[in-house]
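Report on one structure; see the data block that follows.
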Amino acid sequence: MRAPLPWVFFLALPLAGSGFAAEPALDVGKSASSSRDHTCSAASADAGPAHSVRHRLVRLPVPLFLETPTASQAASWLKELRLTPSPAAVVHVMNPYHIQRLLSNAQRSQIHSVGMAGFYEDEELEDATRATLGAQYRIRSELMRAGGLYFSRDLTGPAFWEIVEPERGEFRYDLTDMILSNSRRSGGAELMVVQPYASWDQAAAGYPANSENESFFTGGDFFVLKENTGPGPAFDLAAYEDFLAHLKAHAGESFWEIANEMDGGNGGTYSGSSGALQYIELLRSSRRALGPEAVIVNGGSIGFIGFPDVAAFWPAFFSNGGGALIDVLNLHYPSEWDEVAQDSSKLEELLDFFNGYLAAGSLTKEIWLTEFVIGDPSLSEQQVAEWYLKRFSFAAARGARKIFVELADTKGKNGLAPLGVSAMFYIEDEAFVAQLAFYTQKLINAKLTGFVGCMELVKDKQYEFSVNGRPVFVLWGAGQLPPAVAGHAVKVTDVFGNETVTSAPLLTASPVFVEPLD
């Protein structure tokens with residue numbers, strides 16, 4: 001898939017005293033037509049203060065984003081709703097899935113060829129990379145603000161050991177600060193994904209190359225590492241603790257995810273039962289470095305619990321005290337990546353597997369699904385939006401509290417890839433285009449932020465959330481209405497945000513929010 005193009009025509013080089021607004025008002029786009037069958041968004045944001053600067057600033061597009069014809073049908077009140085980003089919200093974003101997705105193939109290859117130590121020594125390469133990333137993160141921060149989205153999760157960005165400490169004892173926060181400043185500009189925060197790999201530490205361990213993972217080094221998760229080292233587990237844990245303590249002191253963030261899909265596949269470095277024991281030691285080192293106040297999230301499980309390495313990892317992890325070292329249980333749900341299931345049985349299998357270990361250990365943990373995607377190209381935008389509401393309701397009744405959704409992905413010449421199908425926006429000809437999922441996810445946060453429990457009334461049909469002391473139902477399919485709904489005045493809201501007040505709601509295959517009014 002080609003990388004998104006930088007927003008070069010929104011960059012400016014103002015002189016001191018120019019009065020250029022670093023955060024200009026995001027002008028309301030009228031219902032204007034577009035040559036690409038999109039309509040202009042009505043999104044807007046308050047203007048920030050003007051600054052006199054000499055450095056490069058990013059001029060935002062007006063309007064901020066376009067809409068698909070389906071997304072344009074969302075209710076006006078929902079489009080205009082300004083949510084305050086909250087860590088208690090349900091929906092958060094992968095933004096981006098990896099920073100390498102924002103770079104060109106040539107940029108990735110050049111960085112990989114020199115490693116991060118060489119990157120920081122090459123002023124031209126660093127400046128070009130920061131210009132590309134800075135422009136992308138700036139617009140993305142405004143998209144997050146428009147959606148009231150809080151957590152941003154970036155797999156290769158602000159907490160990759162190699163990026164922060166390219167040489168032993170040399171700490172560089174150039175990219176980290178750029179990413180974090182944009183997360184904060186949106187009113188949110190970063191879920192810091194700690195990738196425990198530095199070239200010099202890997203070299204000290206003498207790990208051999210793993211040819212099966214070569215693509216992860218040349219253009220994937222580990223492209224910032226100069227050599228293919230497997231990769232292997234963090235070798236010098238004292239050095240790792242020192243890196244993490246420095247990063248914590250500098251960044252000041254509160255939520256830390258330690259590694260990613262370490263249990264198997266996708267370059268997993270701690271797979272199997274022996275890997276679980278090594279990962280437990282990594283968690284202990286992480287806690288010492290981050291302190292007791294940090295919220296530690298395990299690296300998201302790859303989710304394929306039938307894989308031998310994955311199946312061996314988790315029993316060893318929980319039986320050796322790993323569950324007590326994390327504050328949040330983090331899972332990925334890839335089982336409907338390219339083909340939607342008829343029901344929630346695959347998600348049920350994943351959640352039952354992990355809830356069984358929590359129950360056996362008398363552990364109470366929130367479950368976060370930090371990669372939650374549906375990429376079936378046969379689905380319409382409305383079906384994708386409805387899938388999110390249905391599947392999250394099912395997961396919430398089994399302990400899930402948050403989902404992370406791809407913010408934006410590129411639309412290529414062959415259409416949308418799985419991430420693009422499920423993303424809130426796609427990028428086409430340098431324009432961000434909102435899909436219905438953007439508004440539906442906003443609706444989910446508006447209705448369910450801060451919920452304290454979810455009860456399954458009828459499997460795959462009826463769910464009751466407790467939000468601020470009142471019930472909020474998510475209902476679909478045939479069957480009798482819940483007693484609190486039947487015969488009572490209720491407000492019904494569909495995934496477009498259309499609202500109806502009635503005492504006799506008619507349920508269909510499409511999920512709706514139902515809120516009692518008396």
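By order of appearance in the structure tokens: chains A, B, ..., then residues from 1 within every chain, and ligands from 1 in the order shown.
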Could you pull out the residues in region 306-486 of chain A that DSSP calls alpha helix (DSSP H) from the backbone, as a CSV table (one decimal) with N, CA and C atoms, in the first residue's frame?
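Here's the written file part_22.csv:
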```
chain,number,residue,atom,x,y,z
A,308,PRO,N,0.3,-22.4,18.5
A,308,PRO,CA,1.0,-23.1,19.6
A,308,PRO,C,1.8,-22.2,20.5
A,309,ASP,N,2.5,-21.2,20.0
A,309,ASP,CA,3.3,-20.3,20.8
A,309,ASP,C,2.4,-19.5,21.7
A,310,VAL,N,1.3,-19.0,21.1
A,310,VAL,CA,0.4,-18.2,21.9
A,310,VAL,C,-0.3,-19.0,23.0
A,311,ALA,N,-0.7,-20.2,22.7
A,311,ALA,CA,-1.4,-21.1,23.6
A,311,ALA,C,-0.4,-21.5,24.8
A,312,ALA,N,0.9,-21.5,24.5
A,312,ALA,CA,1.8,-21.9,25.6
A,312,ALA,C,2.2,-20.7,26.4
A,313,PHE,N,2.2,-19.5,25.8
A,313,PHE,CA,2.6,-18.3,26.5
A,313,PHE,C,1.7,-17.9,27.7
A,314,TRP,N,0.4,-17.9,27.5
A,314,TRP,CA,-0.5,-17.4,28.5
A,314,TRP,C,-0.6,-18.3,29.8
A,315,PRO,N,-0.7,-19.6,29.7
A,315,PRO,CA,-0.7,-20.4,30.9
A,315,PRO,C,0.6,-20.1,31.8
A,316,ALA,N,1.7,-20.0,31.1
A,316,ALA,CA,3.0,-19.8,31.8
A,316,ALA,C,3.0,-18.4,32.4
A,317,PHE,N,2.4,-17.4,31.7
A,317,PHE,CA,2.3,-16.0,32.1
A,317,PHE,C,1.5,-15.9,33.4
A,318,PHE,N,0.3,-16.5,33.4
A,318,PHE,CA,-0.6,-16.3,34.6
A,318,PHE,C,-0.1,-17.2,35.7
A,319,SER,N,0.3,-18.4,35.5
A,319,SER,CA,0.7,-19.3,36.6
A,319,SER,C,2.0,-18.8,37.3
A,345,SER,N,-19.3,-15.5,18.1
A,345,SER,CA,-18.6,-16.7,18.6
A,345,SER,C,-17.1,-16.6,18.7
A,346,LYS,N,-16.5,-16.0,17.7
A,346,LYS,CA,-15.0,-15.8,17.7
A,346,LYS,C,-14.6,-14.9,18.7
A,347,LEU,N,-15.3,-13.8,18.9
A,347,LEU,CA,-14.9,-12.9,20.0
A,347,LEU,C,-15.2,-13.5,21.3
A,348,GLU,N,-16.2,-14.3,21.4
A,348,GLU,CA,-16.5,-15.0,22.7
A,348,GLU,C,-15.4,-16.0,23.1
A,349,GLU,N,-14.9,-16.7,22.1
A,349,GLU,CA,-13.8,-17.6,22.3
A,349,GLU,C,-12.6,-16.9,22.9
A,350,LEU,N,-12.2,-15.8,22.3
A,350,LEU,CA,-11.1,-15.0,22.8
A,350,LEU,C,-11.3,-14.5,24.2
A,351,LEU,N,-12.4,-13.9,24.5
A,351,LEU,CA,-12.7,-13.4,25.8
A,351,LEU,C,-12.8,-14.4,26.9
A,352,ASP,N,-13.4,-15.5,26.5
A,352,ASP,CA,-13.6,-16.6,27.5
A,352,ASP,C,-12.2,-17.2,27.8
A,353,PHE,N,-11.3,-17.3,26.9
A,353,PHE,CA,-10.0,-17.8,27.1
A,353,PHE,C,-9.3,-17.0,28.2
A,354,PHE,N,-9.3,-15.7,28.0
A,354,PHE,CA,-8.6,-14.8,29.0
A,354,PHE,C,-9.4,-14.6,30.3
A,355,ASN,N,-10.7,-14.5,30.2
A,355,ASN,CA,-11.5,-14.4,31.5
A,355,ASN,C,-11.3,-15.6,32.3
A,356,GLY,N,-11.1,-16.8,31.7
A,356,GLY,CA,-10.8,-18.0,32.5
A,356,GLY,C,-9.6,-17.9,33.3
A,357,TYR,N,-8.5,-17.3,32.8
A,357,TYR,CA,-7.3,-17.1,33.6
A,357,TYR,C,-7.5,-16.1,34.7
A,358,LEU,N,-8.2,-15.0,34.3
A,358,LEU,CA,-8.5,-14.0,35.4
A,358,LEU,C,-9.2,-14.6,36.5
A,359,ALA,N,-10.3,-15.4,36.2
A,359,ALA,CA,-11.1,-16.0,37.3
A,359,ALA,C,-10.3,-17.0,38.1
A,360,ALA,N,-9.4,-17.8,37.4
A,360,ALA,CA,-8.6,-18.7,38.2
A,360,ALA,C,-7.7,-18.1,39.1
A,381,GLU,N,-20.6,0.9,4.6
A,381,GLU,CA,-20.2,1.7,5.7
A,381,GLU,C,-21.1,1.6,6.9
A,382,GLN,N,-22.4,1.5,6.6
A,382,GLN,CA,-23.4,1.3,7.7
A,382,GLN,C,-23.2,0.0,8.4
A,383,GLN,N,-22.9,-1.0,7.7
A,383,GLN,CA,-22.7,-2.3,8.3
A,383,GLN,C,-21.4,-2.3,9.2
A,384,VAL,N,-20.4,-1.6,8.7
A,384,VAL,CA,-19.2,-1.5,9.5
A,384,VAL,C,-19.5,-0.8,10.8
A,385,ALA,N,-20.2,0.3,10.7
A,385,ALA,CA,-20.5,1.1,11.9
A,385,ALA,C,-21.4,0.3,12.9
A,386,GLU,N,-22.3,-0.5,12.3
A,386,GLU,CA,-23.2,-1.3,13.2
A,386,GLU,C,-22.4,-2.5,13.8
A,387,TRP,N,-21.4,-3.0,13.1
A,387,TRP,CA,-20.5,-4.1,13.6
A,387,TRP,C,-19.8,-3.6,14.9
A,388,TYR,N,-19.3,-2.4,14.8
A,388,TYR,CA,-18.6,-1.9,16.0
A,388,TYR,C,-19.5,-1.8,17.2
A,389,LEU,N,-20.7,-1.3,17.0
A,389,LEU,CA,-21.6,-1.2,18.2
A,389,LEU,C,-22.1,-2.6,18.7
A,390,LYS,N,-22.4,-3.5,17.8
A,390,LYS,CA,-22.8,-4.8,18.2
A,390,LYS,C,-21.6,-5.6,18.9
A,391,ARG,N,-20.5,-5.6,18.3
A,391,ARG,CA,-19.4,-6.4,18.9
A,391,ARG,C,-18.9,-5.7,20.2
A,392,PHE,N,-18.8,-4.4,20.3
A,392,PHE,CA,-18.4,-3.8,21.5
A,392,PHE,C,-19.4,-4.1,22.6
A,393,SER,N,-20.7,-4.1,22.4
A,393,SER,CA,-21.7,-4.4,23.4
A,393,SER,C,-21.5,-5.8,23.9
A,394,PHE,N,-21.3,-6.7,23.0
A,394,PHE,CA,-21.0,-8.1,23.4
A,394,PHE,C,-19.8,-8.2,24.3
A,395,ALA,N,-18.7,-7.5,23.9
A,395,ALA,CA,-17.4,-7.6,24.6
A,395,ALA,C,-17.6,-6.9,26.0
A,396,ALA,N,-18.3,-5.8,26.0
A,396,ALA,CA,-18.5,-5.1,27.3
A,396,ALA,C,-19.1,-5.9,28.4
A,418,PRO,N,-8.1,-3.8,4.4
A,418,PRO,CA,-8.8,-4.0,5.7
A,418,PRO,C,-8.8,-2.9,6.7
A,419,LEU,N,-7.6,-2.3,6.9
A,419,LEU,CA,-7.6,-1.2,7.9
A,419,LEU,C,-8.4,0.0,7.4
A,420,GLY,N,-8.4,0.2,6.1
A,420,GLY,CA,-9.2,1.4,5.5
A,420,GLY,C,-10.7,1.1,5.6
A,421,VAL,N,-11.1,-0.1,5.5
A,421,VAL,CA,-12.5,-0.4,5.6
A,421,VAL,C,-13.0,-0.1,7.0
A,422,SER,N,-12.2,-0.4,8.0
A,422,SER,CA,-12.6,-0.2,9.4
A,422,SER,C,-12.3,1.2,9.9
A,436,LEU,N,-18.8,6.8,7.9
A,436,LEU,CA,-19.8,6.8,8.9
A,436,LEU,C,-19.3,6.4,10.2
A,437,ALA,N,-18.3,5.5,10.3
A,437,ALA,CA,-17.8,5.0,11.5
A,437,ALA,C,-17.3,6.1,12.4
A,438,PHE,N,-16.8,7.2,11.8
A,438,PHE,CA,-16.3,8.3,12.6
A,438,PHE,C,-17.4,8.9,13.5
A,439,TYR,N,-18.6,9.1,12.9
A,439,TYR,CA,-19.7,9.6,13.6
A,439,TYR,C,-20.3,8.6,14.6
A,440,THR,N,-20.4,7.3,14.2
A,440,THR,CA,-20.9,6.3,15.1
A,440,THR,C,-20.0,6.1,16.3
A,441,GLN,N,-18.7,6.2,16.1
A,441,GLN,CA,-17.8,6.0,17.2
A,441,GLN,C,-18.0,7.3,18.2
A,442,LYS,N,-18.2,8.4,17.6
A,442,LYS,CA,-18.5,9.6,18.4
A,442,LYS,C,-19.8,9.4,19.2
A,443,LEU,N,-20.8,8.8,18.6
A,443,LEU,CA,-22.0,8.5,19.2
A,443,LEU,C,-21.8,7.6,20.4
A,444,ILE,N,-21.0,6.5,20.2
A,444,ILE,CA,-20.8,5.5,21.2
A,444,ILE,C,-20.2,6.2,22.4
A,445,ASN,N,-19.2,7.1,22.2
A,445,ASN,CA,-18.6,7.8,23.3
A,445,ASN,C,-19.6,8.8,24.0
A,446,ALA,N,-20.4,9.4,23.2
A,446,ALA,CA,-21.4,10.3,23.8
A,446,ALA,C,-22.4,9.6,24.7
A,447,LYS,N,-22.7,8.3,24.3
A,447,LYS,CA,-23.7,7.6,25.1
A,447,LYS,C,-23.1,6.8,26.2
A,448,LEU,N,-21.9,6.3,26.1
A,448,LEU,CA,-21.4,5.3,27.0
A,448,LEU,C,-20.1,5.7,27.8
```
Which residues of region 248-358 of chain A sit at most 6 Å from region 189-210 of chain A, using only C-alpha atoms? Give each one's shortest atom pair and distance in Å (one decimal place), in chain and ascending residue order, as JSON lines.
```
{"residue": "A:Phe255", "atom": "CA", "partner": "A:Leu191", "partner_atom": "CA", "distance": 5.3}
{"residue": "A:Trp256", "atom": "CA", "partner": "A:Met192", "partner_atom": "CA", "distance": 4.7}
{"residue": "A:Glu257", "atom": "CA", "partner": "A:Val193", "partner_atom": "CA", "distance": 4.6}
{"residue": "A:Ile258", "atom": "CA", "partner": "A:Val194", "partner_atom": "CA", "distance": 5.0}
{"residue": "A:Ala259", "atom": "CA", "partner": "A:Gln195", "partner_atom": "CA", "distance": 4.9}
```
Write out, as a compact mmCIF listing (two decimals), in the first residue's frame, the residues just selected, with N, CA, C and O atoms.
```txt
# COMPACT_ATOMS: atom_id res chain seq x y z
N PHE A 255 0.11 6.16 31.04
CA PHE A 255 -0.33 4.85 30.56
C PHE A 255 0.74 4.26 29.64
O PHE A 255 1.13 4.88 28.65
N TRP A 256 1.18 3.03 29.97
CA TRP A 256 2.33 2.43 29.30
C TRP A 256 2.03 1.00 28.90
O TRP A 256 1.70 0.16 29.75
N GLU A 257 2.12 0.73 27.61
CA GLU A 257 1.94 -0.62 27.07
C GLU A 257 3.32 -1.20 26.80
O GLU A 257 4.11 -0.62 26.04
N ILE A 258 3.61 -2.34 27.39
CA ILE A 258 4.96 -2.90 27.33
C ILE A 258 5.04 -3.95 26.22
O ILE A 258 4.53 -5.06 26.35
N ALA A 259 5.66 -3.58 25.10
CA ALA A 259 5.83 -4.40 23.90
C ALA A 259 4.50 -4.50 23.15
O ALA A 259 3.50 -3.86 23.52
```
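The residue that comes closest to Ser215 (chain A), out of A:Lys402, A:Arg108, A:Gly303, A:Val90 and on the basis of only C-alpha atoms, is A:Arg108.
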**Message:** Just checking: using only C-alpha atoms, which residue out of A:Ser274, A:Asn320, A:Asn95, A:Thr493 ends up closest to Val472 (chain A)?
**Reply:** A:Thr493
**Request:** Going by DSSP on the backbone, which bits of region 113-277 of chain A are strand (DSSP E or B)? Write them as a count of residues only, please.
**Result:** 17
